[in-house]
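Visitor: Coordinates in data.csv, CSV, C-alpha atoms and all ligand atoms, are listed below.
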```csv
chain,number,residue,atom,x,y,z
A,1,MET,CA,120.2,60.8,107.7
A,2,GLY,CA,118.5,61.6,104.4
A,3,ARG,CA,117.9,65.0,103.0
A,4,ARG,CA,114.4,66.4,103.4
A,5,PRO,CA,112.5,65.2,100.4
A,6,ARG,CA,111.5,67.9,97.9
A,7,ASP,CA,108.1,69.2,97.9
A,8,GLU,CA,106.2,71.4,95.5
A,9,SER,CA,107.6,74.5,96.9
A,10,ASP,CA,111.1,73.5,95.8
A,11,PHE,CA,110.0,73.2,92.2
A,12,ARG,CA,111.6,76.3,91.1
A,13,ASP,CA,115.0,75.3,92.7
A,14,ARG,CA,115.2,72.2,90.6
A,15,PRO,CA,118.2,72.6,88.3
A,16,GLY,CA,117.4,72.4,84.6
A,17,LYS,CA,119.3,70.3,82.1
A,18,ARG,CA,121.9,73.0,81.6
A,19,GLY,CA,122.5,73.9,85.2
A,20,SER,CA,120.5,76.4,87.2
A,21,ARG,CA,119.3,78.6,84.4
A,22,PRO,CA,116.1,80.3,85.7
A,23,ARG,CA,112.9,79.3,84.0
A,24,THR,CA,112.0,82.8,83.1
A,25,LYS,CA,114.5,85.5,82.5
A,26,ILE,CA,112.6,88.5,83.8
A,27,ARG,CA,109.8,88.1,86.2
A,28,PRO,CA,107.2,90.8,86.3
A,29,GLU,CA,107.7,93.0,89.4
A,30,HIS,CA,104.0,93.5,90.3
A,31,THR,CA,104.8,96.6,92.3
A,32,ASP,CA,101.0,97.2,92.6
A,33,ALA,CA,100.5,93.9,94.4
A,34,VAL,CA,98.8,93.8,97.8
A,35,THR,CA,99.1,91.1,100.5
A,36,GLY,CA,96.3,88.5,100.7
A,37,PHE,CA,95.8,86.1,103.6
A,38,VAL,CA,94.5,82.7,102.3
A,39,THR,CA,91.5,81.6,104.3
A,40,GLY,CA,90.2,78.9,102.0
A,41,VAL,CA,91.2,76.8,99.0
A,42,ASP,CA,88.8,75.0,96.7
A,43,ARG,CA,89.3,73.7,93.2
A,44,GLY,CA,91.7,76.3,92.1
A,45,ARG,CA,89.8,79.2,93.7
A,46,TYR,CA,91.3,80.9,96.6
A,47,THR,CA,89.4,82.9,99.2
A,48,LEU,CA,91.6,85.7,100.5
A,49,LEU,CA,91.5,88.6,102.9
A,50,VAL,CA,93.1,91.9,101.9
A,51,VAL,CA,93.5,95.0,103.9
A,52,ASP,CA,90.6,97.4,103.3
A,53,GLY,CA,92.2,100.8,103.4
A,54,THR,CA,88.9,102.8,103.0
A,55,THR,CA,86.6,103.9,105.8
A,56,ASP,CA,82.9,103.8,105.7
A,57,GLU,CA,83.0,107.3,104.3
A,58,GLY,CA,85.0,106.1,101.4
A,59,THR,CA,88.2,107.8,102.3
A,60,VAL,CA,91.6,106.1,102.9
A,61,GLY,CA,91.9,105.3,106.6
A,62,ASP,CA,94.8,104.3,108.9
A,63,HIS,CA,94.4,100.7,107.8
A,64,ALA,CA,95.9,101.5,104.4
A,65,THR,CA,99.3,101.3,106.0
A,66,ALA,CA,98.7,97.9,107.7
A,67,ASP,CA,100.5,95.2,105.9
A,68,ASP,CA,99.1,92.0,107.4
A,69,PRO,CA,95.4,91.3,106.8
A,70,ALA,CA,95.5,88.5,109.4
A,71,ARG,CA,96.5,90.8,112.2
A,72,ALA,CA,94.0,91.6,114.9
A,73,GLY,CA,92.1,94.9,114.5
A,74,VAL,CA,92.8,95.3,110.8
A,75,ARG,CA,89.9,96.1,108.6
A,76,THR,CA,89.7,93.6,105.7
A,77,ARG,CA,87.6,92.6,102.8
A,78,THR,CA,87.2,89.2,101.2
A,79,ILE,CA,88.2,88.6,97.6
A,80,VAL,CA,88.4,85.5,95.4
A,81,ALA,CA,91.6,84.8,93.4
A,82,MET,CA,93.2,82.3,91.1
A,83,LYS,CA,96.8,81.4,90.8
A,84,ALA,CA,98.9,83.2,88.1
A,85,ARG,CA,100.5,80.9,85.6
A,86,GLU,CA,103.9,81.9,86.7
A,87,LEU,CA,103.5,80.1,90.0
A,88,HIS,CA,103.6,76.8,88.0
A,89,ARG,CA,102.9,73.9,90.4
A,90,ASP,CA,103.7,75.9,93.6
A,91,ARG,CA,100.9,75.1,96.0
A,92,VAL,CA,99.0,77.9,97.8
A,93,VAL,CA,97.6,76.7,101.1
A,94,CYS,CA,95.4,78.0,103.8
A,95,GLY,CA,97.4,80.4,106.0
A,96,ASP,CA,99.6,81.6,103.2
A,97,ARG,CA,100.3,85.2,102.7
A,98,VAL,CA,100.4,86.0,99.0
A,99,ASP,CA,101.0,88.9,96.7
A,100,VAL,CA,97.8,89.5,94.7
A,101,VAL,CA,97.2,91.7,91.7
A,102,GLY,CA,94.3,92.5,89.3
A,103,ASP,CA,90.8,93.0,90.4
A,104,THR,CA,91.1,93.0,94.2
A,105,SER,CA,87.8,94.8,94.7
A,106,GLY,CA,86.0,91.7,96.0
A,107,ASP,CA,83.0,92.7,93.9
A,108,GLU,CA,80.7,89.9,92.8
A,109,GLY,CA,82.3,88.0,89.9
A,110,SER,CA,85.7,89.6,90.4
A,111,LEU,CA,88.7,87.4,90.2
A,112,ALA,CA,92.2,88.5,91.3
A,113,ARG,CA,95.5,86.8,90.6
A,114,ILE,CA,98.0,85.4,93.0
A,115,VAL,CA,101.5,86.2,91.7
A,116,ARG,CA,103.8,85.2,94.6
A,117,ILE,CA,103.7,83.2,97.8
A,118,GLN,CA,105.4,85.1,100.7
A,119,ASP,CA,108.0,83.4,102.8
A,120,ARG,CA,106.4,80.9,105.2
A,121,THR,CA,107.2,80.9,109.0
A,122,ALA,CA,105.9,77.4,109.5
A,123,THR,CA,104.7,74.7,107.2
A,124,LEU,CA,102.6,71.8,108.5
A,125,ARG,CA,103.1,68.9,106.3
A,126,ARG,CA,101.8,65.5,105.8
A,127,THR,CA,102.5,62.5,103.6
A,128,ALA,CA,99.9,60.0,102.5
A,129,ASP,CA,101.7,57.4,104.6
A,130,ASP,CA,105.1,56.9,106.2
A,131,THR,CA,106.6,55.3,103.1
A,132,ASP,CA,105.5,58.0,100.8
A,133,PRO,CA,108.4,60.4,100.2
A,134,TYR,CA,106.1,63.0,98.6
A,135,GLU,CA,105.0,65.5,101.2
A,136,ARG,CA,102.3,68.0,101.0
A,137,ILE,CA,102.0,71.3,102.9
A,138,VAL,CA,98.6,71.4,104.6
A,139,VAL,CA,98.7,74.7,106.3
A,140,ALA,CA,101.2,77.6,106.3
A,141,ASN,CA,102.2,80.2,108.9
A,142,ALA,CA,100.2,78.8,111.9
A,143,ASP,CA,101.4,79.4,115.4
A,144,GLN,CA,100.1,76.3,117.1
A,145,LEU,CA,98.5,72.9,116.5
A,146,VAL,CA,95.5,72.3,118.7
A,147,ILE,CA,95.0,68.5,119.0
A,148,VAL,CA,91.4,67.9,120.0
A,149,THR,CA,91.0,64.5,121.8
A,150,ALA,CA,88.1,63.1,123.7
A,151,LEU,CA,88.8,61.6,127.1
A,152,ALA,CA,86.3,58.9,126.3
A,153,GLN,CA,83.9,58.1,123.4
A,154,PRO,CA,86.1,57.7,121.5
A,155,GLU,CA,89.0,56.6,123.6
A,156,PRO,CA,92.1,58.7,123.3
A,157,ARG,CA,94.8,57.2,121.1
A,158,ILE,CA,98.2,58.1,122.6
A,159,ARG,CA,100.1,57.1,119.5
A,160,MET,CA,98.0,59.3,117.3
A,161,ILE,CA,98.5,62.3,119.6
A,162,ASP,CA,102.2,61.7,119.7
A,163,ARG,CA,102.4,61.7,116.0
A,164,CYS,CA,100.5,65.0,115.8
A,165,VAL,CA,103.0,66.4,118.4
A,166,VAL,CA,105.9,65.3,116.1
A,167,ALA,CA,104.3,66.9,113.1
A,168,ALA,CA,103.7,70.2,114.9
A,169,TYR,CA,107.2,70.4,116.4
A,170,ASP,CA,108.7,69.5,113.0
A,171,ALA,CA,106.7,72.3,111.5
A,172,GLY,CA,108.0,74.8,114.1
A,173,MET,CA,104.6,75.2,115.8
A,174,ASP,CA,103.6,75.0,119.5
A,175,VAL,CA,101.3,72.3,120.6
A,176,THR,CA,98.1,72.6,122.7
A,177,LEU,CA,96.2,69.5,123.6
A,178,CYS,CA,92.5,70.1,124.1
A,179,LEU,CA,90.9,67.3,126.1
A,180,THR,CA,87.1,67.2,125.6
A,181,LYS,CA,84.4,65.2,127.4
A,182,ALA,CA,85.9,65.7,130.9
A,183,ASP,CA,82.4,64.9,132.2
A,184,LEU,CA,83.1,61.3,131.1
A,185,ALA,CA,86.7,60.6,132.3
A,186,ASP,CA,89.5,62.1,134.3
A,187,PRO,CA,92.0,64.2,132.4
A,188,THR,CA,94.9,63.7,134.9
A,189,PRO,CA,96.7,60.8,133.2
A,190,LEU,CA,96.8,62.5,129.8
A,191,ARG,CA,97.8,65.8,131.4
A,192,GLU,CA,100.8,64.0,133.0
A,193,LEU,CA,101.7,62.4,129.7
A,194,TYR,CA,101.8,65.6,127.7
A,195,GLU,CA,102.9,68.5,130.0
A,196,PRO,CA,106.5,67.2,130.2
A,197,LEU,CA,106.6,67.6,126.4
A,198,GLY,CA,106.0,71.3,126.7
A,199,VAL,CA,102.4,70.9,125.5
A,200,THR,CA,99.7,73.2,126.9
A,201,VAL,CA,96.8,71.1,128.1
A,202,LEU,CA,93.2,72.5,128.1
A,203,VAL,CA,90.2,70.5,129.4
A,204,THR,CA,86.6,71.0,128.4
A,205,ARG,CA,83.4,69.3,129.4
A,206,ARG,CA,79.8,69.3,128.4
A,207,ASP,CA,78.1,72.2,130.1
A,208,GLY,CA,75.5,71.4,132.8
A,209,GLY,CA,73.2,74.1,131.4
A,210,ASP,CA,71.6,73.4,128.0
A,211,GLY,CA,73.7,70.3,127.6
A,212,THR,CA,75.3,70.9,124.3
A,213,ALA,CA,77.8,73.8,124.6
A,214,PRO,CA,81.2,72.9,126.1
A,215,ARG,CA,82.9,74.8,128.8
A,216,ALA,CA,86.4,74.9,130.0
A,217,ASP,CA,87.1,72.6,133.0
A,218,ALA,CA,88.6,75.4,135.1
A,219,PRO,CA,87.4,76.8,138.4
A,220,ASP,CA,87.9,80.4,137.4
A,221,ALA,CA,86.3,80.1,134.0
A,222,GLY,CA,84.3,83.3,134.8
A,223,ASP,CA,81.5,84.6,132.6
A,224,ASP,CA,82.9,83.1,129.4
A,225,PRO,CA,82.6,79.4,129.8
A,226,LEU,CA,85.4,78.9,127.2
A,227,GLY,CA,87.5,81.7,128.6
A,228,PRO,CA,90.7,79.6,129.2
A,229,VAL,CA,90.4,78.1,125.7
A,230,ARG,CA,89.9,81.5,124.1
A,231,ALA,CA,92.9,82.9,126.1
A,232,GLN,CA,95.1,80.1,124.6
A,233,LEU,CA,94.0,81.0,121.0
A,234,GLU,CA,94.1,84.8,121.4
A,235,GLY,CA,96.0,86.6,118.7
A,236,LYS,CA,97.3,83.4,117.2
A,237,ILE,CA,96.7,81.3,114.2
A,238,SER,CA,95.7,77.8,115.5
A,239,VAL,CA,95.2,74.7,113.4
A,240,LEU,CA,92.7,72.3,114.9
A,241,VAL,CA,92.9,68.5,114.2
A,242,GLY,CA,90.9,65.7,115.7
A,243,HIS,CA,89.2,62.5,114.8
A,244,SER,CA,85.6,62.1,114.1
A,245,GLY,CA,83.4,62.3,117.2
A,246,VAL,CA,85.9,64.0,119.6
A,247,GLY,CA,83.8,67.2,119.7
A,248,LYS,CA,85.8,69.4,117.4
A,249,SER,CA,82.8,70.8,115.6
A,250,THR,CA,81.1,71.4,118.9
A,251,LEU,CA,84.1,73.4,120.0
A,252,VAL,CA,84.6,75.3,116.8
A,253,ASN,CA,80.9,76.2,116.7
A,254,ALA,CA,81.1,77.5,120.3
A,255,LEU,CA,84.3,79.5,119.6
A,256,VAL,CA,83.2,80.9,116.2
A,257,PRO,CA,79.5,81.6,116.5
A,258,ASP,CA,79.0,82.0,112.7
A,259,ALA,CA,81.3,79.1,111.7
A,260,ALA,CA,78.6,77.4,109.8
A,261,ARG,CA,77.8,80.6,107.9
A,262,ALA,CA,81.4,81.3,107.3
A,263,THR,CA,82.0,78.0,105.7
A,264,GLY,CA,78.7,78.5,103.8
A,265,VAL,CA,80.3,81.5,102.1
A,266,VAL,CA,83.0,79.2,100.8
A,267,ASN,CA,80.3,76.9,99.5
A,268,ALA,CA,78.5,79.7,97.7
A,269,VAL,CA,81.7,80.6,95.9
A,270,THR,CA,82.5,77.1,94.8
A,271,GLY,CA,79.2,75.4,94.8
A,272,ARG,CA,80.6,72.6,96.8
A,273,GLY,CA,79.4,71.0,100.0
A,274,ARG,CA,81.3,71.4,103.2
A,275,GLN,CA,81.0,67.8,104.1
A,276,THR,CA,82.8,66.6,101.0
A,277,SER,CA,85.5,69.3,101.2
A,278,THR,CA,88.8,68.1,102.5
A,279,SER,CA,90.6,71.4,102.4
A,280,ALA,CA,91.4,73.6,105.4
A,281,VAL,CA,89.4,76.7,106.1
A,282,ALA,CA,90.4,79.6,108.4
A,283,LEU,CA,87.7,81.1,110.6
A,284,PRO,CA,88.1,84.4,112.5
A,285,LEU,CA,87.6,84.3,116.2
A,286,PRO,CA,85.2,87.1,117.4
A,287,ASP,CA,86.7,90.5,118.0
A,288,ALA,CA,89.6,89.6,115.7
A,289,ALA,CA,91.3,87.7,118.5
A,290,GLY,CA,93.0,85.2,116.2
A,291,TRP,CA,92.2,82.5,113.7
A,292,VAL,CA,91.1,78.9,113.9
A,293,ILE,CA,92.0,76.7,111.0
A,294,ASP,CA,89.8,73.7,110.7
A,295,THR,CA,91.2,70.8,108.8
A,296,PRO,CA,88.3,68.5,107.9
A,297,GLY,CA,90.4,66.2,105.7
A,298,VAL,CA,93.4,65.8,108.0
A,299,ARG,CA,93.1,63.0,110.5
A,300,SER,CA,96.8,62.1,110.9
A,301,PHE,CA,100.2,62.9,109.6
A,302,GLY,CA,102.7,60.7,107.7
A,303,LEU,CA,106.1,61.5,109.2
A,304,ALA,CA,108.5,60.1,106.6
A,305,HIS,CA,110.0,63.6,106.1
A,306,VAL,CA,110.7,64.3,109.8
A,307,GLU,CA,114.4,64.3,110.8
A,308,VAL,CA,115.5,63.4,114.3
A,309,GLU,CA,117.7,66.5,114.7
A,310,HIS,CA,114.9,68.7,113.5
A,311,LEU,CA,112.5,67.3,116.0
A,312,LEU,CA,115.2,67.5,118.8
A,313,ALA,CA,115.5,71.2,118.1
A,314,ALA,CA,112.0,71.7,119.5
A,315,PHE,CA,113.3,70.4,122.8
A,316,GLU,CA,115.9,73.2,123.6
A,317,ASP,CA,117.2,71.8,126.8
A,318,LEU,CA,117.7,68.3,125.4
A,319,ALA,CA,119.2,69.7,122.2
A,320,ALA,CA,121.8,71.5,124.3
A,321,VAL,CA,122.7,68.2,126.0
A,322,ALA,CA,122.7,66.2,122.8
A,323,VAL,CA,125.6,68.2,121.3
A,324,GLU,CA,127.8,65.8,123.5
A,325,CYS,CA,126.3,62.7,121.8
A,326,PRO,CA,128.4,60.5,119.5
A,327,ARG,CA,128.1,61.3,115.9
A,328,GLY,CA,125.0,59.9,114.3
A,329,CYS,CA,123.4,59.2,117.7
A,330,THR,CA,119.7,58.3,117.3
A,331,HIS,CA,119.0,59.5,120.9
A,332,ALA,CA,116.7,56.5,121.3
A,333,GLU,CA,116.5,54.4,124.4
A,334,ASP,CA,119.0,51.8,123.0
A,335,ALA,CA,121.4,54.4,121.6
A,336,PRO,CA,124.9,53.7,123.0
A,337,ASP,CA,126.5,56.5,125.0
A,338,CYS,CA,123.6,58.9,124.3
A,339,ALA,CA,124.3,62.0,126.3
A,340,LEU,CA,120.7,62.2,127.4
A,341,ASP,CA,121.2,59.2,129.6
A,342,ALA,CA,124.2,60.8,131.3
A,343,TRP,CA,122.2,64.0,131.8
A,344,VAL,CA,119.4,62.1,133.6
A,345,ALA,CA,121.9,60.1,135.7
A,346,ALA,CA,123.6,63.3,136.8
A,347,GLY,CA,120.3,64.7,138.0
A,348,ASP,CA,120.3,67.7,140.3
A,349,ASP,CA,123.9,68.9,140.7
A,350,GLY,CA,123.0,71.3,143.4
A,351,THR,CA,122.8,74.3,141.0
A,352,GLY,CA,119.1,74.3,141.0
A,353,GLU,CA,118.7,72.4,137.8
A,354,ALA,CA,116.0,69.9,137.2
A,355,SER,CA,116.0,66.9,139.5
A,356,GLN,CA,116.8,63.4,138.2
A,357,GLN,CA,113.1,62.4,138.1
A,358,VAL,CA,112.1,65.5,136.2
A,359,ARG,CA,114.9,64.9,133.7
A,360,ALA,CA,114.0,61.3,133.4
A,361,VAL,CA,110.3,62.1,132.5
A,362,ARG,CA,111.4,64.7,130.0
A,363,VAL,CA,113.8,62.3,128.2
A,364,GLU,CA,111.3,59.5,128.3
A,365,SER,CA,108.6,61.7,126.8
A,366,PHE,CA,110.9,62.9,124.1
A,367,ARG,CA,111.9,59.3,123.3
A,368,ARG,CA,108.2,58.2,123.2
A,369,VAL,CA,107.4,60.8,120.5
A,370,LEU,CA,110.6,59.9,118.7
A,371,ALA,CA,109.5,56.3,118.6
A,372,ALA,CA,106.0,57.3,117.4
A,373,ARG,CA,107.7,58.9,114.4
A,374,THR,CA,108.4,55.5,112.9
A,375,ALA,CA,105.9,53.3,114.6
A,376,THR,CA,102.8,52.0,112.8
A,377,VAL,CA,99.6,53.2,114.3
B,401,LIG,N1,79.7,64.0,127.0
B,401,LIG,C1,80.2,64.9,126.1
B,401,LIG,N2,79.8,64.8,124.8
B,401,LIG,C2,80.3,65.8,124.0
B,401,LIG,C3,81.2,66.8,124.4
B,401,LIG,N3,81.5,67.6,123.4
B,401,LIG,C4,80.9,67.1,122.3
B,401,LIG,N4,80.1,66.0,122.7
B,401,LIG,C5,79.3,65.1,121.8
B,401,LIG,O1,80.2,64.3,121.0
B,401,LIG,C6,79.6,64.1,119.8
B,401,LIG,C7,80.6,64.4,118.6
B,401,LIG,O2,80.8,65.8,118.6
B,401,LIG,P1,81.1,66.6,117.3
B,401,LIG,O3,81.4,68.0,117.7
B,401,LIG,O4,80.2,66.4,116.3
B,401,LIG,O5,82.5,65.9,117.0
B,401,LIG,P2,83.5,66.1,115.8
B,401,LIG,O6,84.8,65.9,116.4
B,401,LIG,O7,83.2,67.4,115.1
B,401,LIG,O8,83.2,64.9,114.8
B,401,LIG,P3,82.8,65.0,113.3
B,401,LIG,O9,81.7,66.0,113.1
B,401,LIG,O10,82.4,63.6,113.0
B,401,LIG,O11,84.1,65.4,112.6
B,401,LIG,C8,78.3,64.9,119.7
B,401,LIG,O12,77.2,64.0,120.0
B,401,LIG,C9,78.5,65.9,120.8
B,401,LIG,O13,77.3,66.4,121.4
B,401,LIG,C10,81.5,66.8,125.8
B,401,LIG,O14,82.3,67.7,126.3
B,401,LIG,N5,81.0,65.8,126.6
B,402,ZN,ZN,121.9,61.0,121.8
```
As structure tokens, how would this structure be written, given the file I've shared?
Ligand SMILES: Nc1nc2c(ncn2[C@@H]2O[C@H](COP(=O)(O)OP(=O)(O)OP(=O)(O)O)[C@@H](O)[C@H]2O)c(=O)[nH]1
Ligand SMILES: [Zn+2]
Guide:
Amino acid sequence: MGRRPRDESDFRDRPGKRGSRPRTKIRPEHTDAVTGFVTGVDRGRYTLLVVDGTTDEGTVGDHATADDPARAGVRTRTIVAMKARELHRDRVVCGDRVDVVGDTSGDEGSLARIVRIQDRTATLRRTADDTDPYERIVVANADQLVIVTALAQPEPRIRMIDRCVVAAYDAGMDVTLCLTKADLADPTPLRELYEPLGVTVLVTRRDGGDGTAPRADAPDAGDDPLGPVRAQLEGKISVLVGHSGVGKSTLVNALVPDAARATGVVNAVTGRGRQTSTSAVALPLPDAAGWVIDTPGVRSFGLAHVEVEHLLAAFEDLAAVAVECPRGCTHAEDAPDCALDAWVAAGDDGTGEASQQVRAVRVESFRRVLAARTATV
């Protein structure tokens, strides 16, 4: 098993010619830095949210002590920043929390400086293709990947979904599968394929009313037609991916009423059209109930960097079993003496553990995404 290939964030760790002498002896402390939450990146200009400590009356309010501008209920203001030279080639991505100094007023024409990238909880990565060892971080610190897939028009592509699942689990993120266009096809087969993987499955359909807005395919949707979808997004940072035509824009526009305007703000700053932009953008859900990160440029993930053991770690029950595997076990279907097979064969031992069939489906599902890691699409 190879080491995880280096990416840009490892740049500073690279030993110099004379050992590990740091690049700069003394780094400025920047004790006056505030935390920014990166909501957009475009051509070296970063759109950030910072905590706005003042109230409407101009006095310092409770929010001054809040430290995370992405948290629900925190009052924020938008600023524009550039990367300080000391960050070298380190990439700042959507979802990052950064230390920012300089003019953080957000006034027109103001430009602050990002001096540090805070530790990331999750990093969603992609490579250009599976043979490319160079990986790029696409989004940082997201809680879940929401894979938007149409049940028809276009037809769902299992292999693509599996690959997204692998990328998310490798990143340390949860997975939600949002099946759209339930008015055209039955969601049951896909639900049965993904629930054993620990994936939350949501279903939406075209609303019978005005015909355009989607609604959740649940009997108890209540007043809010997208209630179950919103509940799954609440308080979280969710990355949405999906192929063209699956209804992702329809969904985002329904969830974030001023999504078009919000992305328009980014355009105003950069003078660049949304359609040609391939960078991710974070959109706030109403009532500060979480964030949706739209990824217009990301249609798939190269998985060259994903290690089997890292992926396995996302399947806690299987990982516990696999400690009994022979050294270097691939855990694939043809792996000799893989402990997962013995676990399935043992089935229900009368102690109330999962039955043989449930175990078999679980292992099969794991092996399917494991295979998708290296299969060509
Ligand atoms: N029948 C049906 N059509 C839908 C549904 N949701 C969206 N559509 C239609 O599917 C088409 C594609 O929807 P979009 O929201 O533009 O899809 P997208 O994934 O954003 O695609 P791009 O804009 O190309 O990235 C549009 O004609 C929508 O009206 C649905 O639930 N049922
Ligand atoms: Zn094994």
Visitor: Kindly provide, as an mmCIF file with C-alpha atoms, in the coordinates of the input, all nucleotide and amino acid residues lying within 10 Å of ligand ZN 402 (chain B), counting all atoms listed in the file.
Guide:
```cif
data_model
loop_
_atom_site.group_PDB
_atom_site.id
_atom_site.type_symbol
_atom_site.label_atom_id
_atom_site.label_comp_id
_atom_site.auth_asym_id
_atom_site.auth_seq_id
_atom_site.Cartn_x
_atom_site.Cartn_y
_atom_site.Cartn_z
ATOM 1 C CA GLU A 309 117.700 66.500 114.700
ATOM 2 C CA LEU A 312 115.200 67.500 118.800
ATOM 3 C CA LEU A 318 117.700 68.300 125.400
ATOM 4 C CA ALA A 319 119.200 69.700 122.200
ATOM 5 C CA VAL A 321 122.700 68.200 126.000
ATOM 6 C CA ALA A 322 122.700 66.200 122.800
ATOM 7 C CA VAL A 323 125.600 68.200 121.300
ATOM 8 C CA GLU A 324 127.800 65.800 123.500
ATOM 9 C CA CYS A 325 126.300 62.700 121.800
ATOM 10 C CA PRO A 326 128.400 60.500 119.500
ATOM 11 C CA ARG A 327 128.100 61.300 115.900
ATOM 12 C CA GLY A 328 125.000 59.900 114.300
ATOM 13 C CA CYS A 329 123.400 59.200 117.700
ATOM 14 C CA THR A 330 119.700 58.300 117.300
ATOM 15 C CA HIS A 331 119.000 59.500 120.900
ATOM 16 C CA ALA A 332 116.700 56.500 121.300
ATOM 17 C CA GLU A 333 116.500 54.400 124.400
ATOM 18 C CA ASP A 334 119.000 51.800 123.000
ATOM 19 C CA ALA A 335 121.400 54.400 121.600
ATOM 20 C CA PRO A 336 124.900 53.700 123.000
ATOM 21 C CA ASP A 337 126.500 56.500 125.000
ATOM 22 C CA CYS A 338 123.600 58.900 124.300
ATOM 23 C CA ALA A 339 124.300 62.000 126.300
ATOM 24 C CA LEU A 340 120.700 62.200 127.400
ATOM 25 C CA ASP A 341 121.200 59.200 129.600
ATOM 26 C CA ALA A 342 124.200 60.800 131.300
#
```
Visitor: Between A:Ala289, A:Val115, A:Ala282, A:Ala185, which one has atoms that come closest to Leu48 of chain A, using all atoms listed in the file?
Guide: A:Ala282
Visitor: Using all atoms listed in the file, find each residue with an atom at most 6 Å away from ligand LIG 401 (chain B) and format the answer as a ChimeraX atom specification.
Guide: /A:180-181,183-184,204-206,212,214,243-250
Visitor: For each of A:Cys164, A:Ile293, A:Ala254, A:Ala182, take the minimum atom-to-atom distance to Gly40 of chain A, counting only C-alpha atoms, then give the residue where this is smallest.
Guide: A:Ile293
Visitor: Val199 of chain A: which residues within 7 Å, counting only C-alpha atoms, same-chain residues fewer than 3 positions away excluded, as a ChimeraX atom specification?
Guide: /A:175-177,194-195
Visitor: Rounded to one decimal, what separation in Å do you get between atom CA of Ala313 of chain A and atom CA of Pro228 of chain A?
Guide: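 Atom CA of Pro228 of chain A lies 28.4 Å from atom CA of Ala313 of chain A.
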Visitor: Separation of atom CA of Leu311 of chain A and atom CA of Ile137 of chain A, in Å?
Guide: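 Separation of atom CA of Leu311 of chain A and atom CA of Ile137 of chain A: 17.3 Å.
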Visitor: What does the distance between atom CA of Val369 of chain A and atom CA of Trp343 of chain A come to in Å, to one decimal place?
Guide: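 According to the coordinates, atom CA of Val369 of chain A and atom CA of Trp343 of chain A are separated by 18.9 Å.
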Visitor: Please list, as a list of chain:residue names, the residues that have an atom at most 6 Å away from (94.1, 88.8, 98.0) in the coordinates of this file, counting only C-alpha atoms.
Guide: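 Every residue inside that radius is included here: A:Gly36, A:Leu48, A:Leu49, A:Val50, A:Ile79, A:Val100.
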Visitor: Closest to Leu151 of chain A among A:Val239, A:Val165, A:Leu179, A:Met173, using all atoms listed in the file?
Guide: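 The answer is A:Leu179, which sits nearest to Leu151 of chain A.
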Visitor: Choose the residue, out of A:Gln357, A:Arg373, A:Asp287, A:Thr188, that has the smallest atom-to-atom separation from Ala304 of chain A; count only C-alpha atoms.
Guide: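 For Ala304 of chain A, the nearest of the given residues is A:Arg373.
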Visitor: Would you list the contacts of Leu197 of chain A as a ChimeraX atom specification, taking every protein, DNA or RNA residue within 7 Å and counting all atoms listed in the file, but skipping same-chain residues closer than 3 positions in sequence?
Guide: /A:194,362,365-366
Visitor: I'd like the contact shell of segment 86-99 of chain A - 8 Å cut-off, only C-alpha atoms, skipping same-chain residues fewer than 5 positions apart - returned as a list in words.
Guide: Glu8, Ser9, Phe11, Ala33, Val34, Thr35, Gly36, Phe37, Val38, Thr39, Gly40, Val41, Ile114, Val115, Arg116, Ile117, Gln118, Asp119, Arg120, Ile137, Val138, Val139, Ala140, Asn141, Ala142, Ala280, Val281 and Ala282 of chain A
Visitor: Using only C-alpha atoms, please write the residues we just selected to a file, as an mmCIF file, in the coordinates of the input.
Guide:
```
data_model
loop_
_atom_site.group_PDB
_atom_site.id
_atom_site.type_symbol
_atom_site.label_atom_id
_atom_site.label_comp_id
_atom_site.auth_asym_id
_atom_site.auth_seq_id
_atom_site.Cartn_x
_atom_site.Cartn_y
_atom_site.Cartn_z
ATOM 1 C CA GLU A 8 106.200 71.400 95.500
ATOM 2 C CA SER A 9 107.600 74.500 96.900
ATOM 3 C CA PHE A 11 110.000 73.200 92.200
ATOM 4 C CA ALA A 33 100.500 93.900 94.400
ATOM 5 C CA VAL A 34 98.800 93.800 97.800
ATOM 6 C CA THR A 35 99.100 91.100 100.500
ATOM 7 C CA GLY A 36 96.300 88.500 100.700
ATOM 8 C CA PHE A 37 95.800 86.100 103.600
ATOM 9 C CA VAL A 38 94.500 82.700 102.300
ATOM 10 C CA THR A 39 91.500 81.600 104.300
ATOM 11 C CA GLY A 40 90.200 78.900 102.000
ATOM 12 C CA VAL A 41 91.200 76.800 99.000
ATOM 13 C CA ILE A 114 98.000 85.400 93.000
ATOM 14 C CA VAL A 115 101.500 86.200 91.700
ATOM 15 C CA ARG A 116 103.800 85.200 94.600
ATOM 16 C CA ILE A 117 103.700 83.200 97.800
ATOM 17 C CA GLN A 118 105.400 85.100 100.700
ATOM 18 C CA ASP A 119 108.000 83.400 102.800
ATOM 19 C CA ARG A 120 106.400 80.900 105.200
ATOM 20 C CA ILE A 137 102.000 71.300 102.900
ATOM 21 C CA VAL A 138 98.600 71.400 104.600
ATOM 22 C CA VAL A 139 98.700 74.700 106.300
ATOM 23 C CA ALA A 140 101.200 77.600 106.300
ATOM 24 C CA ASN A 141 102.200 80.200 108.900
ATOM 25 C CA ALA A 142 100.200 78.800 111.900
ATOM 26 C CA ALA A 280 91.400 73.600 105.400
ATOM 27 C CA VAL A 281 89.400 76.700 106.100
ATOM 28 C CA ALA A 282 90.400 79.600 108.400
#
```
Visitor: If we count only C-alpha atoms, what is near Pro257 of chain A at a cut-off of 9 Å, once residues fewer than 4 positions away on the same chain are taken out, given as a PyMOL selection string?
Guide: chain A and resi 252-253+261+285-286
